[in-house]
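Enquirer: Have a look at this one before I ask anything.
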Amino acid sequence: MSGFIECIDVGKTYRGRTGAVEALRGISISCAEGEFVCLLGLSGCGKSTLLQMIAGLETPSTGQIIVDGRELDGPSPAASIVFQDHGLFPWMSVRTNVEFNMKARGVPAAERRERGEEMLALTGLSGFATRYPHELSGGMRQRVGIARALTTRPRALLMDEPFGALDAQTRGRLQSELLDIWAAQRTTVLFVTHSIDEAVFLADRILVFTPRPGRLSADVDVDLPRPRDPRSAGFAHIARGLRAALGTEGGSE
Amino acid sequence: MQPGRLVGLVPMLGLLVLWQVAVLMHLYPQVLLPPPAKVAAAFSQFGPSIAANTLASVTRVLIGISLAFIVAVPAGLLIGRYQVLDRLTNWSIQTFRSVPPISLIPMAMLFFGIGDTPAIVLIFLSGLWPLLLNTIFGVRGIERTMLKVATAAGASEALILRDIIWPAVLPNIFTGLRLAVGGGWLTVVTAEMIAVKSGLGYMILNAQMTFRPELIFAGIIVIGGIGLLGDYAVHRLRVVACAWQEGLTAHAD
């Protein structure tokens, strides 16, 4: 295996006051560069934990994670992460928020401004640069989070249920926009979700997780042409297969 | 000033009326309870003395609270950020903050004699604890996603402290400052009655000894008025410094 993102027999066990909790066991995955991969599973299956480990925010208890040919010992400069609760800084304007990741990497101010403007334009935020996050809708805030993540030209975009808190309409629009951005930027996307429909709509490949402890239970290729129609027979067929793999007939969405 | 704000004067005017009525009804001999007019006259009669003593008290509080701010805020940021420092200092902080600054007056006089120093030291101590505890509390309350975003972006510890933790904690620091200024003002008046030969505390004690009740009343009015002004000043400062909070909190003040 020689994927852009490699997990080799990764496990994670948390030690708390009530004893050890095994969140993940024996995860081995490989994502090629440019691939759009969804991590699908119910709550508590460890998919977010895996994403945070790939982001370098947590360390695996066993196994190893390799991003861009290097074993992780902290956040990789090749990756950016987007969270469901977006983690925008409320005291910073939209522009300053978007420029933060570049500032963290020592990009000079003029270049930050230029690249920031580009990403604001890409995400449809050009007119909102001087607003504060709390003045924006939930969907706009998540656009800011995505714009911020893209500024550093990440080769891997790690997304932790980014649209989970949005209404269905906004969610659908952002999914389409994300696919456009992905097509234009040619970045690898690792996208955590608990929604079968979202996974089938977005992904090239879907990794299905089952809980207690979190394990990889299926690896499904989605070879439907884009844009995908959730009412098509092919879509329904894959969704049905995933529902079975999740072990929840009629479960999450 | 928005309409209705002046309603806050009503209780004060009511008290003034009651005071005048009490005088007219001779509830107390006039030598003990001077009429409002006589107290007003005292302001012009003793004007320069009142002004000089007010300045002395205010200066001590400004110095003492500034010193407390310089020590408590950086210390609080570090203690809140690093658990090892918290473990190291927690018991000591809880022990020393339980000691009322007033109870340290005898010791302060032994160490520093009579004058500005013991008063400033006591004001410093009465401002230190609220500033320190509110800063620590603020750091602990920072939304975790924000810190994850910064860490994943590769931000240095210095940048995280300056660009994330400091602004995030600023509202808590102002809460601490408000308590510190109030506590410092209480302390200065008490300290001046014992350990200093100037200031409003000294002035009203001296007025008692020289039997000038109107000057006692005038002093109390000034103490209360400055307390109100000080609190309002901190509040205004907070509104300016934390302008981003506008629209985020339930109340404007």
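Letters A, B, ... mark the chains of the structure tokens in the order given; residue numbers begin at 1 per chain; ligand numbers begin at 1, in order shown.
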Contacts from chain A to chain B, 7 Å maximum, only C-alpha atoms: show me the residue list as a list in words.
Expert: Ala55, Gly56, Leu57, Pro75, Ser80, Gly87, Leu88, Phe89, Pro90, Trp91, Asn101, Ala104 and Arg105 of chain A
Enquirer: Keeping only N, CA, C and O atoms, write the selected residues as an mmCIF file, in the first residue's frame.
Expert:
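Here's the written file out.cif:
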data_model
loop_
_atom_site.group_PDB
_atom_site.id
_atom_site.type_symbol
_atom_site.label_atom_id
_atom_site.label_comp_id
_atom_site.auth_asym_id
_atom_site.auth_seq_id
_atom_site.Cartn_x
_atom_site.Cartn_y
_atom_site.Cartn_z
ATOM 1 N N ALA A 55 -5.624 14.105 11.754
ATOM 2 C CA ALA A 55 -5.315 15.538 11.806
ATOM 3 C C ALA A 55 -4.146 15.822 12.742
ATOM 4 O O ALA A 55 -3.677 16.955 12.833
ATOM 5 N N GLY A 56 -3.688 14.802 13.470
ATOM 6 C CA GLY A 56 -2.569 14.998 14.384
ATOM 7 C C GLY A 56 -2.975 15.606 15.712
ATOM 8 O O GLY A 56 -2.138 16.076 16.473
ATOM 9 N N LEU A 57 -4.290 15.627 15.994
ATOM 10 C CA LEU A 57 -4.760 16.222 17.250
ATOM 11 C C LEU A 57 -4.786 15.193 18.382
ATOM 12 O O LEU A 57 -4.829 15.550 19.547
ATOM 13 N N PRO A 75 0.241 17.653 13.919
ATOM 14 C CA PRO A 75 -0.521 18.022 12.734
ATOM 15 C C PRO A 75 0.370 18.081 11.489
ATOM 16 O O PRO A 75 1.461 18.625 11.540
ATOM 17 N N SER A 80 -5.685 20.046 6.379
ATOM 18 C CA SER A 80 -6.475 21.063 7.092
ATOM 19 C C SER A 80 -7.741 20.399 7.589
ATOM 20 O O SER A 80 -8.232 19.457 6.959
ATOM 21 N N GLY A 87 -15.532 26.204 14.947
ATOM 22 C CA GLY A 87 -14.379 26.757 15.660
ATOM 23 C C GLY A 87 -13.909 28.086 15.107
ATOM 24 O O GLY A 87 -12.718 28.372 15.067
ATOM 25 N N LEU A 88 -14.852 28.935 14.675
ATOM 26 C CA LEU A 88 -14.468 30.286 14.250
ATOM 27 C C LEU A 88 -14.179 31.116 15.495
ATOM 28 O O LEU A 88 -14.747 30.879 16.554
ATOM 29 N N PHE A 89 -13.298 32.087 15.355
ATOM 30 C CA PHE A 89 -12.948 32.951 16.488
ATOM 31 C C PHE A 89 -13.902 34.145 16.479
ATOM 32 O O PHE A 89 -13.862 34.959 15.557
ATOM 33 N N PRO A 90 -14.766 34.262 17.497
ATOM 34 C CA PRO A 90 -15.847 35.258 17.421
ATOM 35 C C PRO A 90 -15.352 36.707 17.457
ATOM 36 O O PRO A 90 -16.083 37.594 17.067
ATOM 37 N N TRP A 91 -14.116 36.929 17.931
ATOM 38 C CA TRP A 91 -13.607 38.309 18.013
ATOM 39 C C TRP A 91 -12.896 38.728 16.723
ATOM 40 O O TRP A 91 -12.415 39.834 16.609
ATOM 41 N N ASN A 101 -5.087 30.430 9.588
ATOM 42 C CA ASN A 101 -4.229 29.257 9.352
ATOM 43 C C ASN A 101 -2.928 29.643 8.644
ATOM 44 O O ASN A 101 -1.883 29.046 8.889
ATOM 45 N N ALA A 104 -0.700 31.250 11.208
ATOM 46 C CA ALA A 104 -0.081 30.218 12.044
ATOM 47 C C ALA A 104 1.146 29.623 11.361
ATOM 48 O O ALA A 104 2.054 29.134 12.021
ATOM 49 N N ARG A 105 1.165 29.669 10.028
ATOM 50 C CA ARG A 105 2.312 29.096 9.313
ATOM 51 C C ARG A 105 3.289 30.151 8.845
ATOM 52 O O ARG A 105 4.161 29.880 8.013
#
Enquirer: Give me the residues within 9 Å of Val181 (chain B) as a list in words, counting only C-alpha atoms and dropping any in the same chain fewer than 2 places off.
Expert: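 Close residues of Val181 (chain B): Val61, Leu62, Ile65, Ile123, Ser126, Gly127, Gly176, Leu177, Arg178, Leu179, Gly183, Gly184, Trp185, Leu186, Gly227, Gly230, Asp231 and Val234 of chain B.
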Enquirer: Applying 6 Å and only C-alpha atoms, which residues near Thr54 (chain B) remain after dropping the ones on its own chain fewer than 3 positions away? List them as a list in words.
Expert: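 Using only C-alpha atoms, the neighbours found are Ile50, Ala51, Ser57, Gly199 and Leu200 of chain B.
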Enquirer: For the residues in that selection, give me all heavy atoms as a JSON list (two decimals), in the first residue's frame.
Expert:
[["chain", "number", "residue", "atom", "x", "y", "z"],
["B", 50, "ILE", "N", -11.08, 68.13, 49.98],
["B", 50, "ILE", "CA", -11.78, 66.94, 49.45],
["B", 50, "ILE", "C", -11.13, 66.49, 48.16],
["B", 50, "ILE", "O", -10.86, 65.30, 47.96],
["B", 50, "ILE", "CB", -13.28, 67.25, 49.22],
["B", 50, "ILE", "CG1", -13.97, 67.50, 50.57],
["B", 50, "ILE", "CG2", -13.96, 66.11, 48.47],
["B", 50, "ILE", "CD1", -15.43, 67.94, 50.44],
["B", 51, "ALA", "N", -10.82, 67.45, 47.28],
["B", 51, "ALA", "CA", -10.23, 67.10, 45.98],
["B", 51, "ALA", "C", -8.88, 66.43, 46.18],
["B", 51, "ALA", "O", -8.58, 65.39, 45.56],
["B", 51, "ALA", "CB", -10.09, 68.35, 45.12],
["B", 57, "SER", "N", -6.62, 58.98, 47.18],
["B", 57, "SER", "CA", -7.24, 57.64, 47.22],
["B", 57, "SER", "C", -7.29, 57.02, 45.84],
["B", 57, "SER", "O", -6.93, 55.84, 45.65],
["B", 57, "SER", "CB", -8.67, 57.73, 47.78],
["B", 57, "SER", "OG", -8.65, 58.23, 49.09],
["B", 199, "GLY", "N", -6.07, 60.91, 52.09],
["B", 199, "GLY", "CA", -7.09, 60.11, 51.39],
["B", 199, "GLY", "C", -8.46, 60.25, 52.05],
["B", 199, "GLY", "O", -8.60, 60.81, 53.14],
["B", 200, "LEU", "N", -9.47, 59.75, 51.36],
["B", 200, "LEU", "CA", -10.86, 59.94, 51.83],
["B", 200, "LEU", "C", -11.12, 59.23, 53.15],
["B", 200, "LEU", "O", -11.86, 59.74, 54.01],
["B", 200, "LEU", "CB", -11.83, 59.44, 50.75],
["B", 200, "LEU", "CG", -11.88, 60.31, 49.49],
["B", 200, "LEU", "CD1", -12.61, 59.58, 48.36],
["B", 200, "LEU", "CD2", -12.56, 61.65, 49.78]]
Enquirer: Assign secondary structure with DSSP using the backbone only, and return the residues of region 110-229 of chain B in alpha helix (DSSP H) as a compact mmCIF listing (two decimals) with N, CA, C and O atoms, in the first residue's frame.
Expert:
# COMPACT_ATOMS: atom_id res chain seq x y z
N LEU B 110 3.47 46.86 60.03
CA LEU B 110 4.74 46.41 60.61
C LEU B 110 5.84 46.41 59.55
O LEU B 110 6.96 46.83 59.79
N PHE B 111 5.48 45.93 58.38
CA PHE B 111 6.48 45.78 57.32
C PHE B 111 6.80 47.10 56.63
O PHE B 111 7.93 47.37 56.28
N PHE B 112 5.76 47.91 56.39
CA PHE B 112 5.95 49.07 55.51
C PHE B 112 5.71 50.40 56.23
O PHE B 112 5.80 51.44 55.60
N ASP B 116 1.97 55.44 51.87
CA ASP B 116 1.35 54.89 50.68
C ASP B 116 1.58 53.39 50.52
O ASP B 116 0.68 52.67 50.09
N THR B 117 2.78 52.93 50.87
CA THR B 117 3.15 51.55 50.55
C THR B 117 2.18 50.52 51.13
O THR B 117 1.69 49.65 50.39
N PRO B 118 1.91 50.55 52.45
CA PRO B 118 1.00 49.51 52.97
C PRO B 118 -0.36 49.57 52.29
O PRO B 118 -0.95 48.53 51.99
N ALA B 119 -0.87 50.77 52.01
CA ALA B 119 -2.19 50.89 51.37
C ALA B 119 -2.16 50.26 49.98
O ALA B 119 -3.05 49.49 49.62
N ILE B 120 -1.11 50.58 49.22
CA ILE B 120 -1.03 50.05 47.85
C ILE B 120 -0.88 48.53 47.86
O ILE B 120 -1.49 47.83 47.06
N VAL B 121 -0.10 48.02 48.82
CA VAL B 121 0.06 46.57 48.91
C VAL B 121 -1.29 45.90 49.19
O VAL B 121 -1.63 44.89 48.58
N LEU B 122 -2.07 46.50 50.08
CA LEU B 122 -3.37 45.91 50.40
C LEU B 122 -4.34 45.99 49.22
O LEU B 122 -5.09 45.05 48.97
N ILE B 123 -4.30 47.11 48.49
CA ILE B 123 -5.16 47.22 47.30
C ILE B 123 -4.73 46.20 46.25
O ILE B 123 -5.56 45.53 45.62
N PHE B 124 -3.41 46.06 46.10
CA PHE B 124 -2.87 45.06 45.18
C PHE B 124 -3.44 43.68 45.51
O PHE B 124 -3.93 42.96 44.64
N LEU B 125 -3.42 43.33 46.81
CA LEU B 125 -3.91 42.01 47.21
C LEU B 125 -5.41 41.87 46.99
O LEU B 125 -5.88 40.80 46.59
N SER B 126 -6.15 42.94 47.23
CA SER B 126 -7.60 42.81 47.06
C SER B 126 -7.99 42.74 45.58
O SER B 126 -9.04 42.22 45.23
N GLY B 127 -7.10 43.26 44.69
CA GLY B 127 -7.39 43.14 43.26
C GLY B 127 -6.82 41.87 42.65
O GLY B 127 -7.32 41.37 41.64
N LEU B 128 -5.78 41.34 43.26
CA LEU B 128 -5.07 40.20 42.69
C LEU B 128 -5.97 38.98 42.51
O LEU B 128 -6.02 38.38 41.44
N TRP B 129 -6.69 38.61 43.57
CA TRP B 129 -7.43 37.34 43.54
C TRP B 129 -8.59 37.33 42.55
O TRP B 129 -8.69 36.39 41.76
N PRO B 130 -9.45 38.36 42.54
CA PRO B 130 -10.51 38.31 41.53
C PRO B 130 -9.97 38.30 40.10
O PRO B 130 -10.50 37.60 39.23
N LEU B 131 -8.90 39.07 39.85
CA LEU B 131 -8.33 39.08 38.50
C LEU B 131 -7.74 37.72 38.15
O LEU B 131 -7.96 37.19 37.06
N LEU B 132 -7.01 37.16 39.10
CA LEU B 132 -6.35 35.87 38.84
C LEU B 132 -7.38 34.76 38.60
O LEU B 132 -7.32 34.03 37.62
N LEU B 133 -8.37 34.69 39.50
CA LEU B 133 -9.34 33.59 39.40
C LEU B 133 -10.20 33.72 38.15
O LEU B 133 -10.48 32.73 37.48
N ASN B 134 -10.61 34.94 37.81
CA ASN B 134 -11.42 35.10 36.61
C ASN B 134 -10.64 34.80 35.34
O ASN B 134 -11.19 34.27 34.38
N THR B 135 -9.35 35.14 35.34
CA THR B 135 -8.52 34.83 34.17
C THR B 135 -8.38 33.31 34.01
O THR B 135 -8.57 32.77 32.92
N ILE B 136 -8.06 32.64 35.11
CA ILE B 136 -7.92 31.17 35.06
C ILE B 136 -9.22 30.54 34.59
O ILE B 136 -9.24 29.69 33.69
N PHE B 137 -10.31 30.97 35.19
CA PHE B 137 -11.64 30.45 34.85
C PHE B 137 -11.92 30.66 33.35
O PHE B 137 -12.44 29.77 32.67
N GLY B 138 -11.56 31.83 32.85
CA GLY B 138 -11.78 32.14 31.43
C GLY B 138 -11.00 31.21 30.52
O GLY B 138 -11.54 30.70 29.54
N VAL B 139 -9.75 30.96 30.84
CA VAL B 139 -8.93 30.09 29.99
C VAL B 139 -9.53 28.69 29.96
O VAL B 139 -9.61 28.05 28.91
N ARG B 140 -9.98 28.22 31.13
CA ARG B 140 -10.55 26.87 31.18
C ARG B 140 -11.83 26.77 30.37
O ARG B 140 -12.20 25.70 29.91
N ARG B 144 -13.30 24.24 23.03
CA ARG B 144 -12.18 23.37 22.67
C ARG B 144 -11.92 23.35 21.17
O ARG B 144 -10.78 23.21 20.74
N THR B 145 -12.99 23.49 20.39
CA THR B 145 -12.80 23.46 18.93
C THR B 145 -11.85 24.55 18.46
O THR B 145 -11.04 24.34 17.57
N MET B 146 -11.95 25.73 19.09
CA MET B 146 -11.07 26.83 18.69
C MET B 146 -9.61 26.45 18.90
O MET B 146 -8.76 26.72 18.06
N LEU B 147 -9.33 25.81 20.03
CA LEU B 147 -7.95 25.42 20.30
C LEU B 147 -7.51 24.31 19.35
O LEU B 147 -6.36 24.28 18.90
N LYS B 148 -8.45 23.43 18.99
CA LYS B 148 -8.11 22.36 18.04
C LYS B 148 -7.77 22.95 16.68
O LYS B 148 -6.84 22.51 16.01
N VAL B 149 -8.58 23.93 16.25
CA VAL B 149 -8.33 24.58 14.96
C VAL B 149 -6.92 25.16 14.95
O VAL B 149 -6.14 24.95 14.01
N ALA B 150 -6.57 25.86 16.03
CA ALA B 150 -5.26 26.50 16.10
C ALA B 150 -4.14 25.46 16.11
O ALA B 150 -3.13 25.61 15.40
N THR B 151 -4.33 24.40 16.89
CA THR B 151 -3.30 23.37 16.96
C THR B 151 -3.13 22.68 15.61
O THR B 151 -2.01 22.48 15.14
N ALA B 152 -4.27 22.33 14.99
CA ALA B 152 -4.20 21.64 13.70
C ALA B 152 -3.55 22.51 12.64
O ALA B 152 -2.90 22.02 11.72
N GLU B 157 2.71 28.12 20.34
CA GLU B 157 2.12 28.37 21.64
C GLU B 157 1.97 29.87 21.89
O GLU B 157 0.96 30.33 22.44
N ALA B 158 2.94 30.65 21.44
CA ALA B 158 2.88 32.11 21.64
C ALA B 158 1.70 32.70 20.86
O ALA B 158 0.97 33.55 21.37
N LEU B 159 1.51 32.23 19.64
CA LEU B 159 0.39 32.74 18.83
C LEU B 159 -0.94 32.34 19.45
O LEU B 159 -1.89 33.13 19.48
N TRP B 166 -5.87 35.04 24.81
CA TRP B 166 -6.02 36.41 25.35
C TRP B 166 -7.35 37.04 24.94
O TRP B 166 -8.13 37.45 25.82
N PRO B 167 -7.68 37.13 23.65
CA PRO B 167 -8.98 37.73 23.32
C PRO B 167 -10.18 36.93 23.83
O PRO B 167 -11.19 37.52 24.22
N ALA B 168 -10.04 35.61 23.86
CA ALA B 168 -11.18 34.80 24.33
C ALA B 168 -11.44 35.06 25.81
O ALA B 168 -12.59 35.00 26.27
N VAL B 169 -10.39 35.37 26.56
CA VAL B 169 -10.50 35.50 28.01
C VAL B 169 -10.78 36.95 28.42
O VAL B 169 -11.18 37.22 29.55
N LEU B 170 -10.60 37.87 27.48
CA LEU B 170 -10.74 39.30 27.81
C LEU B 170 -12.05 39.63 28.55
O LEU B 170 -12.02 40.36 29.54
N PRO B 171 -13.20 39.09 28.12
CA PRO B 171 -14.42 39.39 28.88
C PRO B 171 -14.34 38.94 30.34
O PRO B 171 -14.79 39.65 31.24
N ASN B 172 -13.73 37.79 30.58
CA ASN B 172 -13.56 37.32 31.97
C ASN B 172 -12.61 38.23 32.74
O ASN B 172 -12.80 38.49 33.92
N ILE B 173 -11.58 38.70 32.04
CA ILE B 173 -10.62 39.59 32.69
C ILE B 173 -11.33 40.87 33.13
O ILE B 173 -11.08 41.39 34.22
N PHE B 174 -12.25 41.34 32.29
CA PHE B 174 -12.98 42.55 32.66
C PHE B 174 -13.91 42.31 33.85
O PHE B 174 -14.10 43.19 34.68
N THR B 175 -14.49 41.12 33.91
CA THR B 175 -15.29 40.77 35.09
C THR B 175 -14.40 40.84 36.34
O THR B 175 -14.77 41.40 37.36
N GLY B 176 -13.20 40.26 36.22
CA GLY B 176 -12.25 40.30 37.32
C GLY B 176 -11.86 41.72 37.68
O GLY B 176 -11.77 42.09 38.85
N LEU B 177 -11.66 42.55 36.64
CA LEU B 177 -11.25 43.93 36.87
C LEU B 177 -12.34 44.72 37.59
O LEU B 177 -12.07 45.53 38.48
N ARG B 178 -13.57 44.43 37.23
CA ARG B 178 -14.70 45.12 37.87
C ARG B 178 -14.72 44.79 39.35
O ARG B 178 -14.88 45.68 40.20
N LEU B 179 -14.55 43.51 39.67
CA LEU B 179 -14.53 43.10 41.08
C LEU B 179 -13.29 43.68 41.78
O LEU B 179 -13.36 44.09 42.94
N ALA B 180 -12.17 43.71 41.05
CA ALA B 180 -10.92 44.19 41.64
C ALA B 180 -11.01 45.68 41.97
O ALA B 180 -10.62 46.11 43.06
N VAL B 181 -11.57 46.45 41.05
CA VAL B 181 -11.68 47.89 41.28
C VAL B 181 -12.63 48.16 42.47
O VAL B 181 -12.34 48.97 43.34
N GLY B 182 -13.74 47.43 42.51
CA GLY B 182 -14.68 47.58 43.63
C GLY B 182 -14.02 47.21 44.95
O GLY B 182 -14.09 47.97 45.92
N GLY B 183 -13.34 46.06 44.95
CA GLY B 183 -12.66 45.60 46.17
C GLY B 183 -11.54 46.53 46.58
O GLY B 183 -11.34 46.82 47.77
N GLY B 184 -10.80 47.02 45.58
CA GLY B 184 -9.69 47.93 45.86
C GLY B 184 -10.17 49.23 46.48
O GLY B 184 -9.55 49.79 47.39
N TRP B 185 -11.32 49.69 46.03
CA TRP B 185 -11.87 50.95 46.54
C TRP B 185 -12.32 50.78 47.99
O TRP B 185 -12.11 51.64 48.83
N LEU B 186 -12.95 49.64 48.28
CA LEU B 186 -13.33 49.36 49.67
C LEU B 186 -12.08 49.32 50.56
O LEU B 186 -12.05 49.86 51.67
N THR B 187 -11.05 48.66 50.04
CA THR B 187 -9.84 48.48 50.84
C THR B 187 -9.12 49.79 51.09
O THR B 187 -8.64 50.04 52.20
N VAL B 188 -9.08 50.65 50.06
CA VAL B 188 -8.31 51.89 50.23
C VAL B 188 -8.91 52.75 51.34
O VAL B 188 -8.20 53.31 52.17
N VAL B 189 -10.23 52.83 51.37
CA VAL B 189 -10.86 53.68 52.38
C VAL B 189 -10.56 53.15 53.79
O VAL B 189 -10.20 53.90 54.69
N THR B 190 -10.66 51.83 53.94
CA THR B 190 -10.38 51.24 55.25
C THR B 190 -8.91 51.43 55.63
O THR B 190 -8.60 51.82 56.75
N ALA B 191 -8.04 51.15 54.67
CA ALA B 191 -6.61 51.24 54.95
C ALA B 191 -6.24 52.67 55.35
O ALA B 191 -5.41 52.89 56.25
N GLU B 192 -6.87 53.64 54.71
CA GLU B 192 -6.54 55.04 54.99
C GLU B 192 -6.99 55.47 56.38
O GLU B 192 -6.49 56.44 56.93
N MET B 193 -7.96 54.76 56.94
CA MET B 193 -8.40 55.10 58.29
C MET B 193 -7.35 54.69 59.32
O MET B 193 -7.37 55.15 60.45
N ILE B 194 -6.47 53.77 58.92
CA ILE B 194 -5.52 53.23 59.88
C ILE B 194 -4.08 53.52 59.51
O ILE B 194 -3.29 53.97 60.33
N LEU B 200 -9.47 59.75 51.36
CA LEU B 200 -10.86 59.94 51.83
C LEU B 200 -11.12 59.23 53.15
O LEU B 200 -11.86 59.74 54.01
N GLY B 201 -10.53 58.06 53.33
CA GLY B 201 -10.71 57.34 54.59
C GLY B 201 -10.16 58.14 55.76
O GLY B 201 -10.80 58.28 56.80
N TYR B 202 -8.95 58.66 55.54
CA TYR B 202 -8.34 59.49 56.57
C TYR B 202 -9.18 60.74 56.81
O TYR B 202 -9.41 61.15 57.95
N MET B 203 -9.70 61.31 55.74
CA MET B 203 -10.46 62.57 55.83
C MET B 203 -11.71 62.40 56.68
O MET B 203 -11.99 63.22 57.56
N ILE B 204 -12.45 61.30 56.46
CA ILE B 204 -13.70 61.19 57.23
C ILE B 204 -13.42 60.80 58.67
O ILE B 204 -14.13 61.22 59.59
N LEU B 205 -12.35 60.04 58.90
CA LEU B 205 -11.99 59.73 60.29
C LEU B 205 -11.59 61.00 61.02
O LEU B 205 -11.97 61.25 62.16
N ASN B 206 -10.82 61.83 60.31
CA ASN B 206 -10.37 63.10 60.87
C ASN B 206 -11.55 64.03 61.11
O ASN B 206 -11.60 64.74 62.12
N ALA B 207 -12.54 64.00 60.21
CA ALA B 207 -13.73 64.84 60.36
C ALA B 207 -14.51 64.44 61.60
O ALA B 207 -15.11 65.28 62.27
N GLN B 208 -14.49 63.14 61.88
CA GLN B 208 -15.17 62.68 63.10
C GLN B 208 -14.48 63.24 64.34
O GLN B 208 -15.11 63.72 65.27
N MET B 209 -13.14 63.16 64.32
CA MET B 209 -12.37 63.61 65.50
C MET B 209 -12.49 65.11 65.71
O MET B 209 -12.46 65.59 66.83
N PRO B 213 -19.54 66.69 61.16
CA PRO B 213 -20.36 65.63 60.52
C PRO B 213 -20.66 65.94 59.06
O PRO B 213 -20.77 65.02 58.25
N GLU B 214 -20.78 67.23 58.71
CA GLU B 214 -21.09 67.53 57.30
C GLU B 214 -19.96 67.05 56.38
O GLU B 214 -20.19 66.61 55.25
N LEU B 215 -18.72 67.09 56.89
CA LEU B 215 -17.59 66.64 56.08
C LEU B 215 -17.58 65.10 55.99
O LEU B 215 -17.23 64.52 54.96
N ILE B 216 -18.02 64.44 57.07
CA ILE B 216 -18.16 62.97 57.01
C ILE B 216 -19.15 62.60 55.90
O ILE B 216 -18.89 61.75 55.06
N PHE B 217 -20.29 63.29 55.93
CA PHE B 217 -21.32 63.01 54.91
C PHE B 217 -20.78 63.29 53.51
O PHE B 217 -20.97 62.50 52.59
N ALA B 218 -20.10 64.40 53.36
CA ALA B 218 -19.55 64.76 52.04
C ALA B 218 -18.57 63.67 51.58
O ALA B 218 -18.59 63.24 50.42
N GLY B 219 -17.74 63.20 52.52
CA GLY B 219 -16.76 62.16 52.18
C GLY B 219 -17.44 60.88 51.72
O GLY B 219 -17.04 60.26 50.73
N ILE B 220 -18.51 60.53 52.45
CA ILE B 220 -19.22 59.28 52.08
C ILE B 220 -19.84 59.41 50.70
O ILE B 220 -19.81 58.48 49.89
N ILE B 221 -20.39 60.62 50.41
CA ILE B 221 -20.98 60.82 49.09
C ILE B 221 -19.92 60.69 48.00
O ILE B 221 -20.13 60.05 46.97
N VAL B 222 -18.73 61.26 48.25
CA VAL B 222 -17.66 61.16 47.26
C VAL B 222 -17.24 59.70 47.07
O VAL B 222 -17.07 59.21 45.95
N ILE B 223 -17.09 58.97 48.19
CA ILE B 223 -16.68 57.57 48.10
C ILE B 223 -17.67 56.77 47.24
O ILE B 223 -17.29 56.03 46.33
N GLY B 224 -18.96 56.98 47.53
CA GLY B 224 -19.98 56.27 46.74
C GLY B 224 -19.95 56.67 45.28
O GLY B 224 -20.01 55.83 44.39
N GLY B 225 -19.81 57.99 45.05
CA GLY B 225 -19.82 58.49 43.67
C GLY B 225 -18.64 57.96 42.86
O GLY B 225 -18.80 57.52 41.71
N ILE B 226 -17.46 57.96 43.51
CA ILE B 226 -16.27 57.45 42.80
C ILE B 226 -16.44 55.96 42.52
O ILE B 226 -16.07 55.45 41.47
N GLY B 227 -17.02 55.24 43.49
CA GLY B 227 -17.26 53.81 43.28
C GLY B 227 -18.12 53.57 42.05
O GLY B 227 -17.82 52.73 41.22
N LEU B 228 -19.19 54.38 41.93
CA LEU B 228 -20.07 54.27 40.77
C LEU B 228 -19.32 54.58 39.48
O LEU B 228 -19.40 53.84 38.50
N LEU B 229 -18.54 55.67 39.51
CA LEU B 229 -17.80 56.08 38.32
C LEU B 229 -16.78 55.01 37.90
O LEU B 229 -16.62 54.70 36.72
Enquirer: Near Ala78 (chain A), counting only C-alpha atoms, which residues have an atom at most 12 Å away, once you skip same-chain residues fewer than 4 positions from it, shown as JSON, numbers by chain?
Expert: {"A": [4, 5, 33, 54, 55, 56, 66, 67, 68, 69, 70, 72, 74, 105, 149, 150, 151, 152, 153, 154, 155, 156, 157, 158, 187, 188, 189], "B": [152, 153, 154]}
Enquirer: Show me, as a list in words, the residues that have an atom within 6 Å of Arg205 (chain A) when counting only C-alpha atoms, minus same-chain residues fewer than 6 positions from it.
Expert: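 After dropping sequence-adjacent residues, the list is Val37, Val220, Asp221 and Val222 of chain A.
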Enquirer: Using only C-alpha atoms, which protein or nucleic acid residues come within 9 Å of region 236-250 of chain A? Drop anything in the same chain fewer than 4 positions from it, and give the result as a list in words.
Expert: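 Residues meeting the cut-off are Leu40, Gly41, Leu42, Ile196, Asp197, Ala199, Val200, Ile206, Val208, Phe209, Thr210, Ser217, Ala218, Val220, Val222, Pro230, Arg231 and Ser232 of chain A.
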Enquirer: Would you pick out the contacts of Pro213 (chain A) at 12 Å or less, using only C-alpha atoms, so that residues sharing its chain but fewer than 4 positions from it are not included, and give the list as JSON, numbers by chain?
Expert: {"A": [11, 12, 13, 14, 20, 21, 22, 23, 24, 25, 26, 27, 43, 44, 45, 46, 47, 49, 209, 217]}
Enquirer: Run DSSP on the backbone and grab whatever in region 59-212 of chain A lands in strand (DSSP E); send it over as a VMD selection string.
Expert: chain A and resid 62 to 67 70 to 71 79 to 83 156 to 160 188 to 193 205 to 210
